[in-house]
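*Asks:* See start_5.cif below, with mmCIF, C-alpha atoms.
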```cif
data_protein
loop_
_atom_site.label_atom_id
_atom_site.label_comp_id
_atom_site.auth_asym_id
_atom_site.auth_seq_id
_atom_site.Cartn_x
_atom_site.Cartn_y
_atom_site.Cartn_z
CA MET A 1270 6.82 0.22 19.72
CA GLU A 1271 5.21 0.93 16.36
CA SER A 1272 7.44 1.63 13.39
CA GLU A 1273 7.79 5.15 12.08
CA ILE A 1274 5.75 5.52 8.90
CA CYS A 1275 6.47 7.18 5.59
CA TYR A 1276 3.18 8.59 4.27
CA ILE A 1277 2.96 9.22 0.54
CA PHE A 1278 0.11 11.09 -1.13
CA GLY A 1279 -0.46 10.78 -4.86
CA ALA A 1280 -2.80 12.37 -7.39
CA GLY A 1281 -5.23 9.43 -7.63
CA GLU A 1282 -8.51 8.68 -5.89
CA ARG A 1283 -8.97 10.75 -2.74
CA THR A 1284 -10.42 9.30 0.41
CA GLY A 1285 -11.22 10.69 3.82
CA SER A 1286 -8.43 10.18 6.31
CA ASP A 1287 -8.03 10.44 10.07
CA ILE A 1288 -4.24 10.16 10.05
CA SER A 1289 -2.55 11.04 13.32
CA LEU A 1290 1.06 11.86 12.57
CA ARG A 1291 3.65 10.99 15.20
CA PRO A 1292 7.15 12.32 15.76
CA GLY A 1293 9.40 10.54 13.29
CA ASP A 1294 6.76 10.02 10.62
CA PHE A 1295 7.57 11.48 7.21
CA VAL A 1296 5.05 12.87 4.69
CA ILE A 1297 5.78 13.07 0.96
CA ALA A 1298 3.54 14.74 -1.62
CA ALA A 1299 4.03 13.14 -5.04
CA ASP A 1300 2.99 15.72 -7.64
CA GLY A 1301 -0.80 16.23 -7.38
CA GLY A 1302 -0.67 14.64 -3.95
CA PHE A 1303 0.19 18.16 -2.77
CA ASP A 1304 -3.41 19.24 -3.56
CA TYR A 1305 -4.67 16.18 -1.68
CA LEU A 1306 -2.67 17.11 1.42
CA GLU A 1307 -3.91 20.69 1.30
CA GLU A 1308 -7.46 19.37 1.17
CA LEU A 1309 -6.79 17.28 4.30
CA GLY A 1310 -5.06 20.16 6.07
CA LEU A 1311 -1.79 18.26 6.35
CA ARG A 1312 1.70 19.52 5.62
CA ALA A 1313 4.24 17.70 3.46
CA ASP A 1314 7.81 17.27 4.67
CA CYS A 1315 8.82 16.87 1.02
CA VAL A 1316 7.13 17.73 -2.28
CA LEU A 1317 8.40 16.12 -5.47
CA GLY A 1318 7.46 15.18 -9.01
CA ASP A 1319 7.31 16.53 -12.54
CA PHE A 1320 4.24 18.55 -11.47
CA ASP A 1321 2.09 17.76 -14.48
CA SER A 1322 -0.99 17.09 -12.32
CA VAL A 1323 -0.70 19.52 -9.39
CA LEU A 1324 -3.20 22.40 -9.39
CA SER A 1325 -1.89 24.51 -6.52
CA SER A 1326 0.34 27.47 -7.32
CA ASP A 1327 1.73 27.49 -3.79
CA LEU A 1328 4.36 24.79 -4.10
CA PRO A 1329 7.16 25.17 -1.53
CA PRO A 1330 10.35 26.72 -2.90
CA ASP A 1331 12.33 23.60 -1.94
CA SER A 1332 10.09 21.27 -3.99
CA MET A 1333 12.06 18.63 -5.88
CA ARG A 1334 11.25 19.01 -9.58
CA TYR A 1335 11.96 16.18 -12.04
CA PRO A 1336 11.66 16.02 -15.83
CA ALA A 1337 8.47 14.56 -17.29
CA GLU A 1338 10.50 12.06 -19.32
CA LYS A 1339 11.96 9.70 -16.72
CA ASP A 1340 11.94 6.00 -15.85
CA ASP A 1341 10.47 6.38 -12.34
CA THR A 1342 6.89 7.44 -11.76
CA ASP A 1343 6.41 10.21 -9.21
CA MET A 1344 5.22 7.54 -6.77
CA MET A 1345 8.40 5.53 -7.27
CA LEU A 1346 10.50 8.65 -6.71
CA ALA A 1347 8.70 9.11 -3.39
CA ILE A 1348 9.19 5.46 -2.44
CA ARG A 1349 12.90 5.57 -3.24
CA LEU A 1350 13.26 8.70 -1.12
CA GLY A 1351 11.45 7.08 1.80
CA LEU A 1352 13.68 4.01 1.59
CA LYS A 1353 16.79 6.20 1.37
CA LYS A 1354 15.73 7.92 4.59
CA GLY A 1355 15.48 4.54 6.29
CA TYR A 1356 11.72 4.01 6.42
CA ARG A 1357 10.45 0.46 6.17
CA GLU A 1358 6.70 1.01 6.65
CA PHE A 1359 4.77 2.98 4.03
CA ALA A 1360 1.15 4.17 3.90
CA ILE A 1361 0.12 5.37 0.46
CA TYR A 1362 -2.96 7.45 -0.31
CA GLY A 1363 -4.09 8.69 -3.71
CA GLY A 1364 -2.47 5.72 -5.45
CA LEU A 1365 -5.64 3.91 -6.54
CA GLY A 1366 -8.62 4.72 -8.76
CA GLY A 1367 -8.45 7.01 -11.75
CA ARG A 1368 -6.11 5.67 -14.42
CA LEU A 1369 -5.90 1.88 -14.32
CA ASP A 1370 -2.30 1.91 -15.54
CA HIS A 1371 -1.29 4.06 -12.56
CA THR A 1372 -3.13 1.70 -10.20
CA LEU A 1373 -1.25 -1.29 -11.62
CA ALA A 1374 2.03 0.64 -11.46
CA ASN A 1375 1.44 1.40 -7.79
CA ILE A 1376 0.71 -2.25 -7.00
CA GLN A 1377 4.02 -3.02 -8.68
CA ALA A 1378 5.58 -0.35 -6.45
CA LEU A 1379 4.27 -2.26 -3.41
CA THR A 1380 6.00 -5.33 -4.81
CA TYR A 1381 9.22 -3.33 -5.07
CA LEU A 1382 8.89 -2.40 -1.39
CA SER A 1383 8.17 -5.97 -0.32
CA ARG A 1384 11.29 -7.21 -2.10
CA ASN A 1385 13.51 -4.50 -0.64
CA GLY A 1386 13.03 -5.08 3.06
CA ALA A 1387 9.98 -2.83 3.47
CA ALA A 1388 6.20 -2.99 3.31
CA GLY A 1389 3.51 -0.65 2.07
CA THR A 1390 -0.27 -0.40 2.06
CA LEU A 1391 -2.28 1.35 -0.64
CA TYR A 1392 -5.49 2.91 0.69
CA GLY A 1393 -8.49 3.46 -1.59
CA GLN A 1394 -12.14 4.34 -1.16
CA GLY A 1395 -13.20 1.71 1.36
CA TYR A 1396 -10.45 -0.82 0.66
CA ALA A 1397 -6.72 -1.38 1.06
CA ILE A 1398 -4.02 -3.45 -0.67
CA ARG A 1399 -0.77 -4.78 0.78
CA VAL A 1400 1.88 -6.88 -0.98
CA VAL A 1401 3.87 -9.52 0.88
CA THR A 1402 6.97 -11.40 -0.30
CA ASP A 1403 8.19 -14.47 1.61
CA ASN A 1404 6.46 -13.15 4.71
CA THR A 1405 3.25 -12.83 6.74
CA ILE A 1406 0.44 -10.31 7.07
CA SER A 1407 -1.60 -10.45 10.27
CA PHE A 1408 -4.94 -8.96 11.29
CA ALA A 1409 -5.72 -8.41 14.97
CA LYS A 1410 -9.22 -9.40 16.06
CA ASP A 1411 -10.00 -5.85 17.23
CA LEU A 1412 -9.39 -4.21 13.84
CA PRO A 1413 -12.52 -2.38 12.61
CA GLU A 1414 -12.41 -4.28 9.31
CA ASN A 1415 -12.12 -7.65 11.02
CA LYS A 1416 -15.84 -8.28 11.13
CA GLU A 1417 -17.69 -11.36 10.02
CA ASN A 1418 -18.41 -11.44 6.28
CA THR A 1419 -16.04 -8.57 5.39
CA ILE A 1420 -14.18 -9.57 2.23
CA CYS A 1421 -10.44 -10.28 2.20
CA SER A 1422 -8.92 -11.61 -1.03
CA VAL A 1423 -5.48 -13.03 -1.76
CA PHE A 1424 -3.81 -12.96 -5.19
CA SER A 1425 -0.56 -14.48 -6.38
CA LEU A 1426 1.65 -11.90 -8.11
CA SER A 1427 4.41 -14.43 -8.70
CA ASP A 1428 4.00 -17.18 -11.28
CA ILE A 1429 3.81 -19.55 -8.31
CA CYS A 1430 3.48 -18.88 -4.59
CA VAL A 1431 4.58 -21.85 -2.48
CA ASN A 1432 3.27 -22.92 0.93
CA VAL A 1433 0.55 -20.34 1.37
CA THR A 1434 -1.18 -20.70 4.73
CA ILE A 1435 -4.34 -18.83 5.73
CA ARG A 1436 -5.63 -19.02 9.29
CA GLY A 1437 -8.53 -17.28 11.00
CA LEU A 1438 -10.43 -16.40 7.82
CA ARG A 1439 -13.55 -18.27 6.76
CA TYR A 1440 -11.70 -20.38 4.19
CA GLU A 1441 -8.40 -21.62 5.56
CA LEU A 1442 -5.47 -23.02 3.61
CA GLU A 1443 -2.49 -25.05 4.72
CA ASN A 1444 0.72 -25.03 2.65
CA ALA A 1445 -1.21 -24.43 -0.55
CA THR A 1446 0.14 -23.37 -3.93
CA LEU A 1447 -1.29 -20.25 -5.59
CA THR A 1448 -0.58 -19.12 -9.14
CA ASN A 1449 -1.14 -15.88 -11.02
CA SER A 1450 -3.29 -17.67 -13.60
CA PHE A 1451 -6.13 -18.81 -11.29
CA PRO A 1452 -7.84 -16.59 -8.65
CA LEU A 1453 -8.24 -19.23 -5.94
CA GLY A 1454 -7.86 -16.72 -3.10
CA ILE A 1455 -10.64 -14.31 -4.06
CA SER A 1456 -13.61 -13.53 -1.77
CA ASN A 1457 -12.41 -14.95 1.50
CA GLU A 1458 -13.95 -13.41 4.63
CA PHE A 1459 -12.91 -12.14 8.02
CA THR A 1460 -14.46 -13.91 11.00
CA GLY A 1461 -13.69 -11.51 13.84
CA LYS A 1462 -10.83 -13.75 14.97
CA LYS A 1463 -7.12 -13.01 14.85
CA SER A 1464 -5.99 -14.07 11.39
CA PHE A 1465 -2.92 -14.23 9.22
CA ILE A 1466 -1.82 -15.01 5.69
CA HIS A 1467 1.66 -16.42 5.16
CA VAL A 1468 3.59 -17.13 1.97
CA GLU A 1469 6.82 -19.08 2.33
CA LYS A 1470 8.11 -18.32 -1.16
CA GLY A 1471 6.59 -15.86 -3.58
CA THR A 1472 4.72 -12.58 -3.67
CA ILE A 1473 1.05 -12.15 -2.86
CA ALA A 1474 -1.30 -9.19 -2.89
CA VAL A 1475 -3.88 -9.03 -0.11
CA LEU A 1476 -6.93 -6.82 -0.63
CA TRP A 1477 -9.45 -6.16 2.11
CA TYR A 1478 -12.41 -3.85 2.59
CA LEU A 1479 -12.36 -1.24 5.33
#
```
In structure tokens, what does this structure look like?
*Replies:*
Amino acid sequence: MESEICYIFGAGERTGSDISLRPGDFVIAADGGFDYLEELGLRADCVLGDFDSVLSSDLPPDSMRYPAEKDDTDMMLAIRLGLKKGYREFAIYGGLGGRLDHTLANIQALTYLSRNGAAGTLYGQGYAIRVVTDNTISFAKDLPENKENTICSVFSLSDICVNVTIRGLRYELENATLTNSFPLGISNEFTGKKSFIHVEKGTIAVLWYL
């Protein structure tokens, strides 16, 4: 049975989406992500943020308002709420593009998830990013993106990632060491076969095109 998903929508780059919500899924609008959800015709279970980027004047009365001066970004507030509610799988839209500092912050937020017993995927315009710590990411052979020559890149976010194994992609690795100072894992390719990327110790970011 598939895990229940916490969906978070931010104020960044908007993409088309064919999300099919299931019972048990939870949808959070982080600040301007409320406008994004309205555009998609989806309803938020929770709306939160400092509301410095939202355009709509129809915010729900139970919206959770935070001060602009705070340590957590609106996205991190949403992630913490999802974790508190017990979710361990996150799908994040509107967290890429736009301001580069926000994009980097949201990749760091994926790292936070991966190191706290959860996992998240950031979806952008035609690509996605997932961060994995001491774990494995797998791609079934019937995924739409798993087509020959579609790019899939792997980056070390830790100083050193130990025993990185890549199987089923065009360029395979066996117990390799990746570092965050040399982009060895860039521009790998799907082959249409079942594939996986495993890191025994360390944190990697995997980016693939949809």
*Asks:* So, with all atoms listed in the file as the atoms that count, which of A:Ser1383, A:Ser1322, A:Ser1286, A:Thr1472 lies closest to Leu1426 of chain A?
*Replies:*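 Under the stated criterion, the closest residue is A:Thr1472.
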*Asks:* Rounded to one decimal place, report the atom CA of Arg1439 of chain A-atom CA of Pro1413 of chain A distance in Å.
*Replies:* 17.0 Å
*Asks:* Return the single residue from A:Asn1418, A:Gln1394, A:Gln1377, A:Asn1432 that is closest to Glu1282 of chain A, with distances computed using all atoms listed in the file.
*Replies:* A:Gln1394
*Asks:* Mind telling me what the PyMOL selection byres ((chain A and resi 1277) around 12) catches here, as a PyMOL selection string?
*Replies:* chain A and resi 1274-1276+1278-1281+1288+1294-1303+1305-1306+1311-1317+1343-1352+1356+1358-1364+1375+1389-1392
*Asks:* Around all the atoms of segment 1427-1435 of chain A listed in the file, draw an axis-aligned box and extend it by 5 Å on each of the six sides; I want its centre and edge lengths in Å to one decimal, as AutoDock Vina command-line options.
*Replies:*
```
--center_x 0.1 --center_y -18.7 --center_z -2.8 --size_x 18.9 --size_y 18.5 --size_z 27.0
```
*Asks:* Can you work out the spacing between atom CA of Ile1420 of chain A and atom CA of Ile1435 of chain A in Å, to one decimal?
*Replies:* 14.0 Å
*Asks:* Between A:Phe1424, A:Tyr1381, A:Tyr1396, A:Phe1459, which residue has the minimum interatomic distance to Leu1412 of chain A, considering all atoms listed in the file?
*Replies:*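 For Leu1412 of chain A, the nearest of the given residues is A:Phe1459.
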*Asks:* Between atom CA of Ile1429 of chain A and atom CA of Gly1454 of chain A, what is the distance in Å, rounded to a tenth?
*Replies:*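 Spanning atom CA of Ile1429 of chain A to atom CA of Gly1454 of chain A is a straight-line distance of 13.1 Å.
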*Asks:* Can you list, as number ranges by chain, the residues that the PyMOL selection byres ((chain A and resi 1403) around 10) selects here?
*Replies:* A: 1383-1384, 1401-1402, 1404-1405, 1430-1433, 1467-1473
*Asks:* Between A:Gly1393, A:Ala1445, A:Met1333, A:Glu1414, which is the closest to Glu1458 of chain A once you count all atoms listed in the file?
*Replies:*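 Using all atoms listed in the file, Glu1458 of chain A sits closest to A:Glu1414.
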*Asks:* Using the chain letters and numbering of this document, enumerate as a PyMOL selection string the residues selected by the PyMOL selection byres ((chain A and resi 1460) around 12).
*Replies:* chain A and resi 1408-1421+1436-1441+1457-1459+1461-1465
*Asks:* Point out the residue among A:Asp1304, A:Lys1353, A:Ser1326, A:Ser1422 with the least atom-to-atom distance to Ala1397 of chain A, counting only C-alpha atoms.
*Replies:*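 Between A:Asp1304, A:Lys1353, A:Ser1326, A:Ser1422, the residue approaching Ala1397 of chain A most closely is A:Ser1422.
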*Asks:* For Ala1337 of chain A, list every protein, DNA or RNA residue within 8 Å, evaluated using only C-alpha atoms, and leave out those in the same chain fewer than 2 positions away; present the list as a VMD selection string.
*Replies:* chain A and resid 1319 1321 1335 1339
